[in-house]
$ cat run_20.txt   # compact mmCIF, C-alpha atoms and all ligand atoms
# COMPACT_ATOMS: atom_id res chain seq x y z
CA MET A 1 -10.55 -15.80 -13.03
CA LEU A 2 -8.22 -14.88 -10.19
CA PRO A 3 -7.59 -11.15 -9.69
CA ASN A 4 -4.25 -9.42 -10.24
CA LEU A 5 -1.72 -10.01 -7.53
CA SER A 6 0.79 -7.46 -6.28
CA ILE A 7 3.20 -7.39 -3.36
CA GLU A 8 4.68 -4.61 -1.26
CA LEU A 9 8.23 -4.36 0.06
CA PHE A 10 9.95 -1.81 2.23
CA PRO A 11 13.55 -0.67 1.69
CA PRO A 12 15.74 -2.66 4.12
CA LYS A 13 18.14 -0.92 6.51
CA ASP A 14 21.17 -3.16 6.10
CA GLN A 15 22.65 -5.99 4.06
CA ALA A 16 20.99 -8.71 6.14
CA GLY A 17 17.64 -7.00 5.51
CA GLU A 18 18.38 -6.76 1.79
CA ASP A 19 19.23 -10.47 1.63
CA LYS A 20 15.91 -11.26 3.33
CA MET A 21 13.99 -8.99 0.96
CA TRP A 22 15.59 -10.47 -2.16
CA SER A 23 14.89 -13.96 -0.90
CA ALA A 24 11.20 -13.01 -0.58
CA VAL A 25 11.25 -11.48 -4.08
CA ASN A 26 12.84 -14.61 -5.50
CA HIS A 27 10.12 -16.82 -4.02
CA LEU A 28 7.20 -14.61 -4.98
CA GLN A 29 8.27 -13.50 -8.45
CA ASN A 30 7.45 -17.01 -9.69
CA PHE A 31 3.79 -16.16 -9.29
CA ASP A 32 2.30 -14.02 -12.00
CA LEU A 33 2.64 -10.67 -10.21
CA SER A 34 1.14 -7.55 -11.77
CA SER A 35 3.44 -5.32 -9.71
CA ILE A 36 5.99 -5.12 -6.91
CA SER A 37 5.75 -1.91 -4.93
CA VAL A 38 8.37 -0.28 -2.73
CA THR A 39 7.42 2.00 0.15
CA TYR A 40 8.97 5.42 0.56
CA GLY A 41 10.39 6.90 3.74
CA ALA A 42 10.51 10.52 4.73
CA GLY A 43 14.14 10.91 5.76
CA GLY A 44 17.02 11.33 3.30
CA SER A 45 18.67 7.92 3.75
CA VAL A 46 15.39 5.97 3.68
CA ARG A 47 14.38 7.92 0.59
CA ASP A 48 17.64 6.98 -1.12
CA ARG A 49 17.13 3.34 -0.22
CA THR A 50 13.66 3.38 -1.78
CA ILE A 51 15.09 4.78 -4.99
CA LYS A 52 17.93 2.23 -4.99
CA ILE A 53 15.65 -0.78 -4.38
CA ALA A 54 13.04 0.40 -6.90
CA LYS A 55 15.75 0.80 -9.54
CA GLU A 56 17.28 -2.61 -8.77
CA LEU A 57 13.91 -4.33 -8.93
CA ARG A 58 13.24 -2.62 -12.25
CA LEU A 59 16.59 -3.76 -13.61
CA PHE A 60 16.72 -7.32 -12.28
CA ILE A 61 13.15 -8.54 -11.94
CA ASN A 62 10.72 -9.04 -14.77
CA VAL A 63 7.73 -7.55 -12.93
CA PRO A 64 6.49 -3.94 -13.23
CA VAL A 65 7.66 -1.84 -10.28
CA THR A 66 5.47 0.63 -8.44
CA ALA A 67 7.45 3.24 -6.56
CA HIS A 68 5.74 4.99 -3.66
CA LEU A 69 6.29 8.72 -3.32
CA THR A 70 5.25 11.10 -0.55
CA CYS A 71 5.13 14.86 -0.01
CA VAL A 72 6.97 14.67 3.34
CA ASN A 73 10.04 16.92 3.68
CA SER A 74 10.24 17.61 -0.05
CA THR A 75 9.96 20.62 -2.27
CA LYS A 76 8.52 20.30 -5.77
CA ASP A 77 12.05 20.48 -7.18
CA GLN A 78 13.22 17.63 -4.99
CA LEU A 79 10.22 15.54 -5.97
CA SER A 80 10.93 16.33 -9.59
CA GLU A 81 14.48 15.00 -9.26
CA ILE A 82 13.24 11.74 -7.74
CA VAL A 83 10.61 11.33 -10.43
CA ASP A 84 13.29 11.97 -13.08
CA GLN A 85 15.29 9.10 -11.64
CA TYR A 86 12.26 6.79 -11.68
CA GLU A 87 11.55 7.77 -15.26
CA GLN A 88 15.15 7.18 -16.35
CA VAL A 89 15.08 3.54 -15.20
CA GLY A 90 11.69 2.89 -16.74
CA ILE A 91 9.46 2.92 -13.67
CA GLU A 92 6.00 3.71 -14.96
CA ASN A 93 3.83 3.33 -11.86
CA ILE A 94 3.80 5.63 -8.87
CA LEU A 95 1.69 5.38 -5.72
CA ALA A 96 1.24 9.03 -4.78
CA LEU A 97 0.82 9.72 -1.07
CA ARG A 98 0.97 12.60 1.29
CA GLY A 99 2.89 10.60 3.88
CA ASP A 100 2.51 10.83 7.63
CA PRO A 101 3.51 13.83 9.72
CA VAL A 102 6.86 13.30 11.43
CA GLY A 103 5.12 12.72 14.83
CA GLY A 104 2.85 9.94 13.45
CA PRO A 105 -0.45 9.67 11.56
CA LYS A 106 -2.56 11.53 14.12
CA SER A 107 -0.22 14.45 14.70
CA THR A 108 -0.58 17.76 12.95
CA TRP A 109 0.57 17.83 9.37
CA SER A 110 2.63 20.74 8.18
CA LYS A 111 3.54 21.28 4.60
CA THR A 112 7.16 21.69 3.51
CA GLU A 113 7.80 25.17 2.11
CA GLY A 114 7.74 24.82 -1.68
CA GLY A 115 6.13 21.38 -1.47
CA PHE A 116 2.62 19.94 -1.43
CA ASP A 117 -0.05 19.91 1.23
CA HIS A 118 -2.03 16.87 0.09
CA ALA A 119 -1.63 13.82 -2.09
CA ASP A 120 -4.08 15.17 -4.71
CA GLN A 121 -1.56 17.94 -5.50
CA LEU A 122 1.20 15.37 -5.95
CA ILE A 123 -1.11 13.46 -8.27
CA SER A 124 -1.69 16.57 -10.44
CA PHE A 125 2.05 17.16 -10.50
CA LEU A 126 2.74 13.59 -11.67
CA ALA A 127 -0.15 13.55 -14.13
CA ALA A 128 1.24 16.65 -15.84
CA ARG A 129 4.25 14.59 -16.91
CA LYS A 130 1.97 12.18 -18.79
CA LYS A 131 4.42 9.31 -18.17
CA PHE A 132 3.00 7.45 -15.21
CA THR A 133 0.14 5.31 -14.12
CA ILE A 134 -0.79 6.89 -10.80
CA GLY A 135 -2.33 5.25 -7.77
CA ALA A 136 -3.45 6.57 -4.38
CA ALA A 137 -4.10 5.25 -0.87
CA ALA A 138 -7.58 4.41 0.41
CA PHE A 139 -8.77 3.54 3.89
CA PRO A 140 -11.74 1.14 4.23
CA ASP A 141 -11.84 1.70 8.01
CA GLY A 142 -11.34 5.46 7.60
CA HIS A 143 -8.18 7.56 7.37
CA PRO A 144 -6.66 7.84 10.88
CA ALA A 145 -6.91 11.64 10.72
CA SER A 146 -10.47 11.74 9.35
CA ASN A 147 -12.16 10.91 12.69
CA GLY A 148 -14.64 8.58 11.06
CA ASN A 149 -15.70 11.07 8.40
CA PHE A 150 -16.21 8.56 5.60
CA GLU A 151 -17.81 11.12 3.28
CA LYS A 152 -14.70 13.27 3.48
CA ASP A 153 -12.45 10.31 2.64
CA LEU A 154 -14.71 9.57 -0.34
CA GLU A 155 -14.54 13.16 -1.60
CA VAL A 156 -10.75 13.05 -1.31
CA LEU A 157 -10.62 9.90 -3.43
CA LEU A 158 -12.94 11.36 -6.07
CA THR A 159 -10.70 14.43 -6.26
CA LYS A 160 -7.65 12.19 -6.69
CA GLU A 161 -9.39 10.43 -9.56
CA GLN A 162 -10.23 13.75 -11.22
CA LYS A 163 -6.59 14.74 -10.93
CA GLY A 164 -5.26 11.60 -12.59
CA ALA A 165 -5.24 8.58 -10.27
CA THR A 166 -6.62 5.47 -11.91
CA TYR A 167 -6.55 3.08 -8.97
CA VAL A 168 -6.33 2.96 -5.20
CA VAL A 169 -4.64 0.47 -2.91
CA THR A 170 -6.30 0.11 0.45
CA GLN A 171 -4.85 0.06 3.90
CA PHE A 172 -5.08 -3.51 5.22
CA PHE A 173 -8.44 -4.36 6.76
CA PHE A 174 -10.36 -7.26 8.30
CA ASN A 175 -13.87 -5.80 8.22
CA ILE A 176 -14.94 -6.77 4.72
CA ASP A 177 -18.17 -4.75 4.96
CA ASN A 178 -16.11 -1.57 5.24
CA PHE A 179 -14.23 -2.53 2.08
CA TYR A 180 -17.50 -3.08 0.20
CA ARG A 181 -18.87 0.21 1.54
CA LEU A 182 -15.87 1.94 -0.02
CA VAL A 183 -16.12 0.10 -3.35
CA ASN A 184 -19.88 0.58 -3.64
CA SER A 185 -19.82 4.23 -2.58
CA LEU A 186 -17.18 5.02 -5.19
CA LYS A 187 -19.17 3.18 -7.87
CA SER A 188 -22.39 4.91 -6.95
CA ARG A 189 -20.64 8.28 -7.33
CA GLY A 190 -19.58 7.35 -10.88
CA SER A 191 -15.96 6.54 -10.02
CA LYS A 192 -13.99 4.22 -12.29
CA LEU A 193 -11.12 3.86 -9.82
CA LYS A 194 -9.92 0.29 -9.47
CA VAL A 195 -9.88 -0.66 -5.81
CA ILE A 196 -7.04 -3.01 -4.93
CA ALA A 197 -7.52 -4.70 -1.57
CA GLY A 198 -4.53 -4.44 0.77
CA VAL A 199 -3.99 -7.67 2.71
CA LEU A 200 -1.73 -8.10 5.72
CA PRO A 201 -0.77 -11.69 6.48
CA ILE A 202 -0.57 -11.60 10.28
CA THR A 203 2.72 -13.05 11.46
CA ASN A 204 3.34 -11.13 14.67
CA PHE A 205 0.77 -9.87 17.19
CA LYS A 206 2.73 -6.84 18.38
CA GLN A 207 3.45 -5.73 14.82
CA LEU A 208 -0.23 -6.19 13.93
CA THR A 209 -1.49 -3.97 16.74
CA ARG A 210 1.10 -1.28 16.04
CA MET A 211 0.38 -1.22 12.31
CA ALA A 212 -3.37 -1.25 12.89
CA GLU A 213 -3.09 1.73 15.22
CA LEU A 214 -0.92 3.68 12.79
CA GLY A 215 -3.03 2.88 9.75
CA GLY A 216 -6.47 3.16 11.34
CA THR A 217 -7.37 -0.51 10.83
CA GLU A 218 -10.10 -1.98 13.03
CA LEU A 219 -9.11 -5.21 14.77
CA PRO A 220 -12.36 -7.16 14.98
CA LYS A 221 -13.27 -9.70 17.65
CA PHE A 222 -12.80 -12.65 15.30
CA VAL A 223 -9.10 -11.72 15.05
CA LEU A 224 -8.54 -10.85 18.72
CA GLU A 225 -10.34 -13.99 19.89
CA ARG A 226 -7.80 -16.13 18.06
CA ILE A 227 -4.49 -14.43 18.86
CA ASP A 228 -3.08 -12.35 21.69
CA PRO A 229 0.40 -11.41 22.96
CA THR A 230 0.87 -14.89 24.47
CA THR A 231 0.01 -16.87 21.33
CA PRO A 232 3.02 -18.90 20.11
CA THR A 233 4.54 -17.62 16.86
CA GLU A 234 3.65 -20.73 14.88
CA GLU A 235 0.01 -20.43 15.91
CA VAL A 236 -0.06 -16.70 15.05
CA GLU A 237 1.29 -17.49 11.59
CA LYS A 238 -1.20 -20.32 11.08
CA VAL A 239 -4.14 -18.17 12.16
CA GLY A 240 -2.81 -15.29 10.03
CA VAL A 241 -2.80 -17.46 6.93
CA GLU A 242 -6.32 -18.75 7.69
CA ILE A 243 -7.75 -15.28 8.26
CA ALA A 244 -6.19 -13.84 5.10
CA THR A 245 -7.21 -16.83 2.99
CA THR A 246 -10.84 -16.52 4.13
CA LEU A 247 -10.85 -12.76 3.54
CA CYS A 248 -9.33 -13.10 0.06
CA ASP A 249 -11.68 -15.95 -0.87
CA SER A 250 -14.64 -13.69 -0.12
CA LEU A 251 -13.09 -10.80 -2.04
CA ILE A 252 -12.40 -13.01 -5.04
CA SER A 253 -15.96 -14.36 -5.03
CA THR A 254 -17.28 -10.82 -5.38
CA GLY A 255 -14.88 -9.85 -8.16
CA VAL A 256 -12.29 -7.71 -6.36
CA ASP A 257 -10.07 -5.69 -8.75
CA GLY A 258 -6.82 -6.93 -7.25
CA LEU A 259 -5.08 -8.24 -4.13
CA HIS A 260 -2.05 -6.45 -2.73
CA PHE A 261 0.01 -8.20 -0.06
CA TYR A 262 1.89 -6.34 2.64
CA THR A 263 4.69 -8.90 2.78
CA MET A 264 6.90 -7.16 5.37
CA ASN A 265 9.74 -8.46 3.17
CA MET A 266 8.87 -12.10 3.94
CA SER A 267 7.44 -14.60 1.54
CA PHE A 268 6.29 -17.60 3.55
CA ALA A 269 2.86 -16.38 4.67
CA THR A 270 1.99 -14.62 1.41
CA GLU A 271 3.06 -17.70 -0.55
CA LYS A 272 0.86 -19.98 1.58
CA ILE A 273 -2.14 -17.69 1.20
CA ILE A 274 -1.89 -17.24 -2.56
CA THR A 275 -1.29 -20.95 -3.02
CA ASN A 276 -4.42 -21.64 -0.94
CA LEU A 277 -6.32 -19.28 -3.24
CA GLY A 278 -5.29 -21.24 -6.33
CA TYR A 279 -2.52 -19.07 -7.78
CA LEU A 280 0.13 -21.18 -9.48
CA LYS A 281 3.82 -20.59 -9.97
CA ASN A 282 4.82 -19.83 -13.56
CA ASN A 283 7.03 -22.89 -13.74
CA SER A 284 4.56 -25.37 -12.17
C1 LIG A 301 -1.46 1.52 0.26
C2 LIG A 301 -0.73 2.50 1.14
C3 LIG A 301 0.61 2.71 0.94
C4 LIG A 301 1.32 3.63 1.73
N1 LIG A 301 2.65 3.82 1.50
C5 LIG A 301 3.33 4.73 2.22
C6 LIG A 301 4.71 4.98 1.97
O1 LIG A 301 5.33 4.36 1.09
N2 LIG A 301 5.34 5.93 2.71
C7 LIG A 301 4.68 6.64 3.69
O2 LIG A 301 5.30 7.51 4.33
N3 LIG A 301 3.37 6.43 3.95
C8 LIG A 301 2.68 5.50 3.25
N4 LIG A 301 1.34 5.28 3.50
C9 LIG A 301 0.70 6.03 4.60
C10 LIG A 301 0.12 7.37 4.10
O3 LIG A 301 1.14 8.20 3.60
C11 LIG A 301 -0.57 8.01 5.29
O4 LIG A 301 -1.69 7.27 5.65
C12 LIG A 301 -0.92 9.50 5.17
O5 LIG A 301 -1.38 9.93 6.45
C13 LIG A 301 -2.05 9.80 4.21
O6 LIG A 301 -1.67 9.70 2.95
P1 LIG A 301 -2.73 10.06 1.80
O7 LIG A 301 -1.99 9.86 0.56
O8 LIG A 301 -4.00 9.34 1.99
O9 LIG A 301 -2.93 11.63 2.09
P2 LIG A 301 -4.04 12.67 1.70
O10 LIG A 301 -4.91 12.18 0.63
O11 LIG A 301 -3.33 13.96 1.48
O12 LIG A 301 -4.91 12.74 3.01
C14 LIG A 301 -4.37 13.12 4.27
C15 LIG A 301 -5.43 13.80 5.11
O13 LIG A 301 -5.77 15.05 4.52
C16 LIG A 301 -7.14 15.08 4.13
N5 LIG A 301 -7.17 15.66 2.78
C17 LIG A 301 -6.74 15.09 1.62
N6 LIG A 301 -6.83 15.94 0.58
C18 LIG A 301 -7.35 17.08 1.08
C19 LIG A 301 -7.67 18.34 0.51
N7 LIG A 301 -7.49 18.59 -0.78
N8 LIG A 301 -8.16 19.30 1.33
C20 LIG A 301 -8.34 19.09 2.63
N9 LIG A 301 -8.05 17.90 3.25
C21 LIG A 301 -7.57 16.92 2.48
C22 LIG A 301 -7.60 13.63 4.15
O14 LIG A 301 -8.97 13.52 4.47
C23 LIG A 301 -6.72 13.00 5.21
O15 LIG A 301 -7.26 13.21 6.49
C24 LIG A 301 0.63 4.35 2.76
C25 LIG A 301 -0.75 4.10 2.97
C26 LIG A 301 -1.42 3.19 2.18
C27 LIG A 301 -2.87 2.93 2.43
$ encode --input "run_20.txt" --output "structure tokens" --more "lines below"
Ligand SMILES: Cc1cc2nc3c(=O)[nH]c(=O)nc-3n(C[C@H](O)[C@H](O)[C@H](O)COP(=O)(O)OP(=O)(O)OC[C@H]3O[C@@H](n4cnc5c(N)ncnc54)[C@H](O)[C@@H]3O)c2cc1C
Amino acid sequence: MLPNLSIELFPPKDQAGEDKMWSAVNHLQNFDLSSISVTYGAGGSVRDRTIKIAKELRLFINVPVTAHLTCVNSTKDQLSEIVDQYEQVGIENILALRGDPVGGPKSTWSKTEGGFDHADQLISFLAARKKFTIGAAAFPDGHPASNGNFEKDLEVLLTKEQKGATYVVTQFFFNIDNFYRLVNSLKSRGSKLKVIAGVLPITNFKQLTRMAELGGTELPKFVLERIDPTTPTEEVEKVGVEIATTLCDSLISTGVDGLHFYTMNMSFATEKIITNLGYLKNNS
């Protein structure tokens, strides 16, 4: 049986971006999606856009919505207000994150006065409401601020589970052994967390390298041997689909809990990959 499929969107900046995002949603919602998630930005206007898009998806699309939420620039009261809004429109899933420091993932984190220091505290806060299914972030190649301390990342995830998270979604990765190391280490420590594999369909080399640097993803030789800054767009997209299809095929063969696609608000690559994997549209 094919694993659950979910997709991730980000809140667009303008109307043209919204049109593009809704077009992607319209294409992909025909597959049997277990969830559509919406990322959350730190600043006020981005935050409002996340709330708006999450609400609209909840109202107009017949797929469960997962709203991301971070601790950045927010007091507990402000977080409470946002969570109230999610609850009012029937959003039942929240991906609870700390968020990145304003200067980027490797810069020093400082807590907002009256807010939370780490995602595990946000998880406790959400769990106390007893209304949400709560997920957390995981990093097969290591959290960018953990300096390769895999044991620490593992401890953090186990704490998040104790506090109420029931699943994790991973940063995108290409080194499948690192993903299995994470899954197996959690299992061997008695964790029941579901581990949903985050998959980035590569469509743009520059975007790939920037995202990999920010998220701590290793770019292995087998990726860098096939694409570089001079590779024509069509070839990048073709290689991206091939790489993701191969990765997902391996994950499926070993019984991965779910596949989560970082769509970048586009449907064409994700649609090709999931079709290659054997997912069918509801109406086909
Ligand atoms: C699937 C996914 C979705 C994401 N979505 C968003 C999004 O929508 N918006 C956004 O801004 N960012 C998002 N991010 C990025 C994420 O917010 C950053 O990677 C952030 O730096 C870490 O978030 P976290 O939830 O893992 O934080 P934490 O779990 O708080 O970890 C942050 C750092 O603190 C350490 N740490 C954690 N808990 C403790 C503790 N109790 N004591 C001491 N140290 C601790 C960890 O080892 C790590 O180095 C996403 C990442 C992923 C993988």
$ closest_residue --input "run_20.txt" --among "A:Val223, A:Met211, A:Ile61, A:Leu69" --to "Asp48 in chain A" --atoms "all atoms listed in the file"
A:Leu69
$ closest_residue --input "run_20.txt" --among "A:Val83, A:Val156, A:Ile53, A:Ala24" --to "ligand LIG 301 (chain A)" --atoms "only C-alpha atoms and all ligand atoms"
A:Val156
$ residues_around --input "run_20.txt" --residues "range 193-202 of chain A" --least-positions-apart "2" --cutoff "8 Å" --atoms "only C-alpha atoms" --output "number ranges by chain"
A: 161, 165-173, 179, 183, 186, 191, 204-205, 208, 236-237, 239-241, 244, 256-263, 269-270
$ residues_around --input "run_20.txt" --residues "Phe132 in chain A" --least-positions-apart "3" --cutoff "10 Å" --atoms "all atoms listed in the file" --output "ChimeraX atom specification"
/A:66,83,86-87,90-95,126-129,135,164-165
$ write_last_selection --input "run_20.txt" --atoms "C-alpha atoms" --output "mmCIF file, in the coordinates of the input"
data_model
loop_
_atom_site.group_PDB
_atom_site.id
_atom_site.type_symbol
_atom_site.label_atom_id
_atom_site.label_comp_id
_atom_site.auth_asym_id
_atom_site.auth_seq_id
_atom_site.Cartn_x
_atom_site.Cartn_y
_atom_site.Cartn_z
ATOM 1 C CA THR A 66 5.470 0.630 -8.440
ATOM 2 C CA VAL A 83 10.610 11.330 -10.430
ATOM 3 C CA TYR A 86 12.260 6.790 -11.680
ATOM 4 C CA GLU A 87 11.550 7.770 -15.260
ATOM 5 C CA GLY A 90 11.690 2.890 -16.740
ATOM 6 C CA ILE A 91 9.460 2.920 -13.670
ATOM 7 C CA GLU A 92 6.000 3.710 -14.960
ATOM 8 C CA ASN A 93 3.830 3.330 -11.860
ATOM 9 C CA ILE A 94 3.800 5.630 -8.870
ATOM 10 C CA LEU A 95 1.690 5.380 -5.720
ATOM 11 C CA LEU A 126 2.740 13.590 -11.670
ATOM 12 C CA ALA A 127 -0.150 13.550 -14.130
ATOM 13 C CA ALA A 128 1.240 16.650 -15.840
ATOM 14 C CA ARG A 129 4.250 14.590 -16.910
ATOM 15 C CA GLY A 135 -2.330 5.250 -7.770
ATOM 16 C CA GLY A 164 -5.260 11.600 -12.590
ATOM 17 C CA ALA A 165 -5.240 8.580 -10.270
#
$ atom_distance --input "run_20.txt" --atom1 "atom N8 of ligand LIG 301 (chain A)" --atom2 "CA of Asn73 in chain A"
18.5 Å
$ closest_atom_pairs --input "run_20.txt" --of "chain A" --to "ligand LIG 301 (chain A)" --cutoff "7 Å" --atoms "all atoms listed in the file" --output "Markdown table"
| residue | atom | partner | partner_atom | distance |
| --- | --- | --- | --- | --- |
| A:Val38 | CA | A:LIG301 | O1 | 6.7 |
| A:Thr39 | CA | A:LIG301 | O1 | 3.3 |
| A:Tyr40 | CA | A:LIG301 | O1 | 3.8 |
| A:Gly41 | CA | A:LIG301 | O2 | 5.2 |
| A:Ala42 | CA | A:LIG301 | O2 | 6.0 |
| A:His68 | CA | A:LIG301 | O1 | 4.8 |
| A:Leu69 | CA | A:LIG301 | O1 | 6.3 |
| A:Thr70 | CA | A:LIG301 | O2 | 6.1 |
| A:Ala96 | CA | A:LIG301 | O7 | 6.3 |
| A:Leu97 | CA | A:LIG301 | O7 | 3.3 |
| A:Arg98 | CA | A:LIG301 | O9 | 4.1 |
| A:Gly99 | CA | A:LIG301 | O3 | 3.0 |
| A:Asp100 | CA | A:LIG301 | O5 | 4.2 |
| A:Pro105 | CA | A:LIG301 | O5 | 5.2 |
| A:Asp117 | CA | A:LIG301 | O11 | 6.8 |
| A:His118 | CA | A:LIG301 | O11 | 3.5 |
| A:Ala119 | CA | A:LIG301 | O11 | 4.0 |
| A:Asp120 | CA | A:LIG301 | N6 | 6.0 |
| A:Ala136 | CA | A:LIG301 | O7 | 6.1 |
| A:Ala137 | CA | A:LIG301 | C27 | 4.2 |
| A:Ala138 | CA | A:LIG301 | C27 | 5.3 |
| A:Phe139 | CA | A:LIG301 | C27 | 6.1 |
| A:His143 | CA | A:LIG301 | O15 | 5.8 |
| A:Pro144 | CA | A:LIG301 | O15 | 7.0 |
| A:Ala145 | CA | A:LIG301 | O15 | 4.5 |
| A:Ser146 | CA | A:LIG301 | O15 | 4.5 |
| A:Lys152 | CA | A:LIG301 | O14 | 5.8 |
| A:Asp153 | CA | A:LIG301 | O14 | 5.1 |
| A:Val156 | CA | A:LIG301 | N6 | 5.2 |
| A:Val169 | CA | A:LIG301 | C1 | 4.6 |
| A:Thr170 | CA | A:LIG301 | C27 | 4.9 |
| A:Gln171 | CA | A:LIG301 | C27 | 3.8 |
| A:Gly198 | CA | A:LIG301 | C1 | 6.7 |
| A:Gly215 | CA | A:LIG301 | O4 | 6.2 |
$ atom_distance --input "run_20.txt" --atom1 "CA of Ser124 in chain A" --atom2 "CA of Lys160 in chain A"
8.3 Å
$ closest_residue --input "run_20.txt" --among "A:Ile252, A:Val72, A:Ile273, A:Ala67" --to "Asn4 in chain A" --atoms "only C-alpha atoms"
A:Ile252
$ atom_distance --input "run_20.txt" --atom1 "CA of Lys281 in chain A" --atom2 "CA of Asn30 in chain A"
5.1 Å
$ residues_around --input "run_20.txt" --residues "range 18-21 of chain A" --least-positions-apart "2" --cutoff "10 Å" --atoms "only C-alpha atoms" --output "mmCIF file with C-alpha atoms, keeping the file's coordinate frame"
data_model
loop_
_atom_site.group_PDB
_atom_site.id
_atom_site.type_symbol
_atom_site.label_atom_id
_atom_site.label_comp_id
_atom_site.auth_asym_id
_atom_site.auth_seq_id
_atom_site.Cartn_x
_atom_site.Cartn_y
_atom_site.Cartn_z
ATOM 1 C CA LEU A 9 8.230 -4.360 0.060
ATOM 2 C CA PHE A 10 9.950 -1.810 2.230
ATOM 3 C CA PRO A 11 13.550 -0.670 1.690
ATOM 4 C CA PRO A 12 15.740 -2.660 4.120
ATOM 5 C CA LYS A 13 18.140 -0.920 6.510
ATOM 6 C CA ASP A 14 21.170 -3.160 6.100
ATOM 7 C CA GLN A 15 22.650 -5.990 4.060
ATOM 8 C CA ALA A 16 20.990 -8.710 6.140
ATOM 9 C CA SER A 23 14.890 -13.960 -0.900
ATOM 10 C CA ALA A 24 11.200 -13.010 -0.580
ATOM 11 C CA VAL A 25 11.250 -11.480 -4.080
ATOM 12 C CA ASN A 26 12.840 -14.610 -5.500
ATOM 13 C CA ILE A 53 15.650 -0.780 -4.380
ATOM 14 C CA THR A 263 4.690 -8.900 2.780
ATOM 15 C CA MET A 264 6.900 -7.160 5.370
ATOM 16 C CA ASN A 265 9.740 -8.460 3.170
ATOM 17 C CA MET A 266 8.870 -12.100 3.940
ATOM 18 C CA SER A 267 7.440 -14.600 1.540
#
$ closest_residue --input "run_20.txt" --among "A:Asp84, A:Leu5, A:Ser37, A:Asn178" --to "Lys131 in chain A" --atoms "only C-alpha atoms"
A:Asp84
$ decode --input "run_20.txt" --residues "range 84-96 of chain A" --atoms "N, CA and C atoms" --output "compact mmCIF listing (two decimals), in the first residue's frame"
# COMPACT_ATOMS: atom_id res chain seq x y z
N ASP A 84 -6.50 30.20 18.73
CA ASP A 84 -7.97 30.37 18.82
C ASP A 84 -8.56 30.46 17.41
N GLN A 85 -7.89 31.24 16.57
CA GLN A 85 -8.42 31.42 15.21
C GLN A 85 -8.39 30.10 14.44
N TYR A 86 -7.31 29.35 14.59
CA TYR A 86 -7.22 28.04 13.93
C TYR A 86 -8.36 27.15 14.41
N GLU A 87 -8.55 27.17 15.71
CA GLU A 87 -9.57 26.30 16.30
C GLU A 87 -10.97 26.67 15.79
N GLN A 88 -11.22 27.98 15.71
CA GLN A 88 -12.54 28.45 15.27
C GLN A 88 -12.90 27.97 13.87
N VAL A 89 -11.89 27.86 12.98
CA VAL A 89 -12.23 27.41 11.61
C VAL A 89 -12.08 25.89 11.45
N GLY A 90 -11.79 25.22 12.52
CA GLY A 90 -11.76 23.76 12.45
C GLY A 90 -10.43 23.18 12.01
N ILE A 91 -9.35 23.93 12.20
CA ILE A 91 -8.03 23.35 11.91
C ILE A 91 -7.61 22.51 13.12
N GLU A 92 -7.30 21.25 12.85
CA GLU A 92 -7.04 20.33 13.97
C GLU A 92 -5.59 19.87 14.05
N ASN A 93 -4.80 20.27 13.06
CA ASN A 93 -3.39 19.82 13.03
C ASN A 93 -2.46 21.02 13.05
N ILE A 94 -1.49 20.97 13.93
CA ILE A 94 -0.50 22.06 13.98
C ILE A 94 0.91 21.48 13.97
N LEU A 95 1.76 22.02 13.10
CA LEU A 95 3.17 21.66 13.13
C LEU A 95 3.87 22.71 13.99
N ALA A 96 4.33 22.29 15.15
CA ALA A 96 4.86 23.23 16.15
C ALA A 96 6.37 23.34 16.03
